[in-house]
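What follows is a short report on a single structure.
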Amino acid sequence: MSRRIRTFEESARRESAAAKLATYTLVADSTAPRDPRGRGDHYRKHLADAHRTIEILQQRIRDVELERDTAKADKDYTLSLCVTRTVAEEARLAAFRLARGKAAILAEWPHGVPTMLSEEIDCIPDPKPRWSK
């Protein structure tokens, strides 16, 4: 990829980031003591602060990832409770056919001998689809 600056905004962003870094470096160097031993302690203290900040941020990241995983699991559970329209329609038709068949069996007399009523029950058409075309 070319290092050529494409827009004015990118150039300004890069310049402001470079200026900010230079300012931080200048402030850190200007607050450091002149004594070499004191300077080492000074930088060690800043390093320890940076490590504490890193640990705090890593803990926040773990908490956010845990919340994300919990939300993802909740979403997956909620989706597992849902059914598609075609599955619902098939189940509705299957329930109707089962009820029609049981009604026809109950209308037979004696058991297993078809009657006029059981024949009429068997001729009832399936219901029209409610959720699909």
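We label chains A, B, ... in the order they appear in the structure tokens, count residues from 1 in each chain, and number ligands from 1 in the order shown.
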Within 9 Å of range 83-92 of chain A, counting only C-alpha atoms, which residues qualify if same-chain residues fewer than 4 places away don't, as a list of chain:residue names?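 So, after excluding close chain neighbours, the residues are A:Leu79, A:Phe96, A:Arg97, A:Pro129, A:Arg130, A:Trp131, A:Ser132.
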Sel. of helix (DSSP H, G or I) residues, range 16-130 of chain A, as an mmCIF file with C-alpha atoms, in the first residue's frame:
data_model
loop_
_atom_site.group_PDB
_atom_site.id
_atom_site.type_symbol
_atom_site.label_atom_id
_atom_site.label_comp_id
_atom_site.auth_asym_id
_atom_site.auth_seq_id
_atom_site.Cartn_x
_atom_site.Cartn_y
_atom_site.Cartn_z
ATOM 1 C CA SER A 16 -1.965 15.648 15.343
ATOM 2 C CA ALA A 17 -1.084 12.079 16.414
ATOM 3 C CA ALA A 18 2.616 12.799 15.903
ATOM 4 C CA ALA A 19 2.311 16.066 17.850
ATOM 5 C CA LYS A 20 0.508 14.314 20.705
ATOM 6 C CA LEU A 21 3.214 11.633 20.915
ATOM 7 C CA ALA A 22 5.940 14.270 20.880
ATOM 8 C CA THR A 23 4.157 16.185 23.657
ATOM 9 C CA TYR A 24 3.861 13.060 25.825
ATOM 10 C CA THR A 25 7.531 12.263 25.283
ATOM 11 C CA LEU A 26 8.559 15.847 26.071
ATOM 12 C CA VAL A 27 6.477 15.936 29.270
ATOM 13 C CA ALA A 28 7.809 12.558 30.443
ATOM 14 C CA ASP A 29 11.401 13.586 29.762
ATOM 15 C CA SER A 30 11.010 17.034 31.342
ATOM 16 C CA THR A 31 9.527 15.623 34.571
ATOM 17 C CA PRO A 36 20.407 8.791 36.828
ATOM 18 C CA ARG A 37 19.210 6.700 39.830
ATOM 19 C CA GLY A 38 16.206 8.951 40.312
ATOM 20 C CA ARG A 39 15.490 8.833 36.602
ATOM 21 C CA GLY A 40 15.374 5.009 36.714
ATOM 22 C CA ASP A 41 12.926 5.109 39.644
ATOM 23 C CA HIS A 42 10.865 7.698 37.814
ATOM 24 C CA TYR A 43 10.545 5.542 34.698
ATOM 25 C CA ARG A 44 9.933 2.401 36.792
ATOM 26 C CA LYS A 45 7.047 4.189 38.531
ATOM 27 C CA HIS A 46 5.551 5.152 35.162
ATOM 28 C CA LEU A 47 6.042 1.591 33.945
ATOM 29 C CA ALA A 48 4.257 0.217 37.019
ATOM 30 C CA ASP A 49 1.394 2.657 36.456
ATOM 31 C CA ALA A 50 1.186 1.565 32.839
ATOM 32 C CA HIS A 51 1.054 -2.106 33.894
ATOM 33 C CA ARG A 52 -1.739 -1.359 36.375
ATOM 34 C CA THR A 53 -3.652 0.455 33.660
ATOM 35 C CA ILE A 54 -3.118 -2.478 31.286
ATOM 36 C CA GLU A 55 -4.427 -4.929 33.917
ATOM 37 C CA ILE A 56 -7.508 -2.768 34.509
ATOM 38 C CA LEU A 57 -8.194 -2.583 30.762
ATOM 39 C CA GLN A 58 -7.691 -6.340 30.357
ATOM 40 C CA GLN A 59 -10.219 -6.949 33.153
ATOM 41 C CA ARG A 60 -12.687 -4.619 31.445
ATOM 42 C CA ILE A 61 -12.151 -6.495 28.187
ATOM 43 C CA ARG A 62 -12.836 -9.818 29.936
ATOM 44 C CA ASP A 63 -16.024 -8.387 31.467
ATOM 45 C CA VAL A 64 -17.240 -7.064 28.120
ATOM 46 C CA GLU A 65 -16.451 -10.395 26.423
ATOM 47 C CA LEU A 66 -18.392 -12.205 29.174
ATOM 48 C CA GLU A 67 -21.371 -9.898 28.644
ATOM 49 C CA ARG A 68 -21.110 -10.487 24.886
ATOM 50 C CA ASP A 69 -21.045 -14.265 25.343
ATOM 51 C CA THR A 70 -24.025 -14.102 27.718
ATOM 52 C CA ALA A 71 -25.991 -11.994 25.244
ATOM 53 C CA LYS A 72 -25.067 -14.378 22.434
ATOM 54 C CA ALA A 73 -26.224 -17.383 24.492
ATOM 55 C CA ASP A 74 -29.503 -15.594 25.326
ATOM 56 C CA LYS A 75 -30.024 -14.847 21.639
ATOM 57 C CA ASP A 76 -29.316 -18.469 20.676
ATOM 58 C CA TYR A 77 -31.733 -19.730 23.348
ATOM 59 C CA THR A 78 -34.444 -17.316 22.220
ATOM 60 C CA LEU A 79 -33.955 -18.369 18.597
ATOM 61 C CA SER A 80 -34.155 -22.030 19.617
ATOM 62 C CA ARG A 85 -43.616 -20.461 9.258
ATOM 63 C CA THR A 86 -43.342 -23.598 7.159
ATOM 64 C CA VAL A 87 -42.685 -25.794 10.196
ATOM 65 C CA ALA A 88 -45.617 -24.193 12.044
ATOM 66 C CA GLU A 89 -47.875 -24.700 9.035
ATOM 67 C CA GLU A 90 -46.848 -28.351 8.692
ATOM 68 C CA ALA A 91 -47.489 -28.944 12.404
ATOM 69 C CA ARG A 92 -50.902 -27.251 12.156
ATOM 70 C CA LEU A 93 -51.912 -29.434 9.197
ATOM 71 C CA ALA A 94 -50.590 -32.580 10.900
ATOM 72 C CA ALA A 95 -52.618 -31.779 14.036
ATOM 73 C CA PHE A 96 -55.756 -31.257 11.939
ATOM 74 C CA ARG A 97 -55.249 -34.539 10.086
ATOM 75 C CA LEU A 98 -54.686 -36.391 13.364
ATOM 76 C CA ALA A 99 -57.851 -34.907 14.885
ATOM 77 C CA ARG A 100 -59.859 -35.733 11.736
ATOM 78 C CA GLY A 101 -58.578 -39.315 11.776
ATOM 79 C CA LYS A 102 -59.407 -39.797 15.464
ATOM 80 C CA ALA A 103 -62.888 -38.338 14.954
ATOM 81 C CA ALA A 104 -63.468 -40.754 12.058
ATOM 82 C CA ILE A 105 -62.324 -43.696 14.204
ATOM 83 C CA LEU A 106 -64.642 -42.648 17.042
ATOM 84 C CA ALA A 107 -67.564 -42.388 14.572
ATOM 85 C CA MET A 116 -71.756 -42.790 6.889
ATOM 86 C CA LEU A 117 -70.626 -40.283 9.548
ATOM 87 C CA SER A 118 -67.037 -41.569 9.570
ATOM 88 C CA GLU A 119 -66.954 -41.357 5.752
ATOM 89 C CA GLU A 120 -68.166 -37.753 5.892
ATOM 90 C CA ILE A 121 -65.521 -36.895 8.515
ATOM 91 C CA ASP A 122 -62.828 -38.388 6.272
#
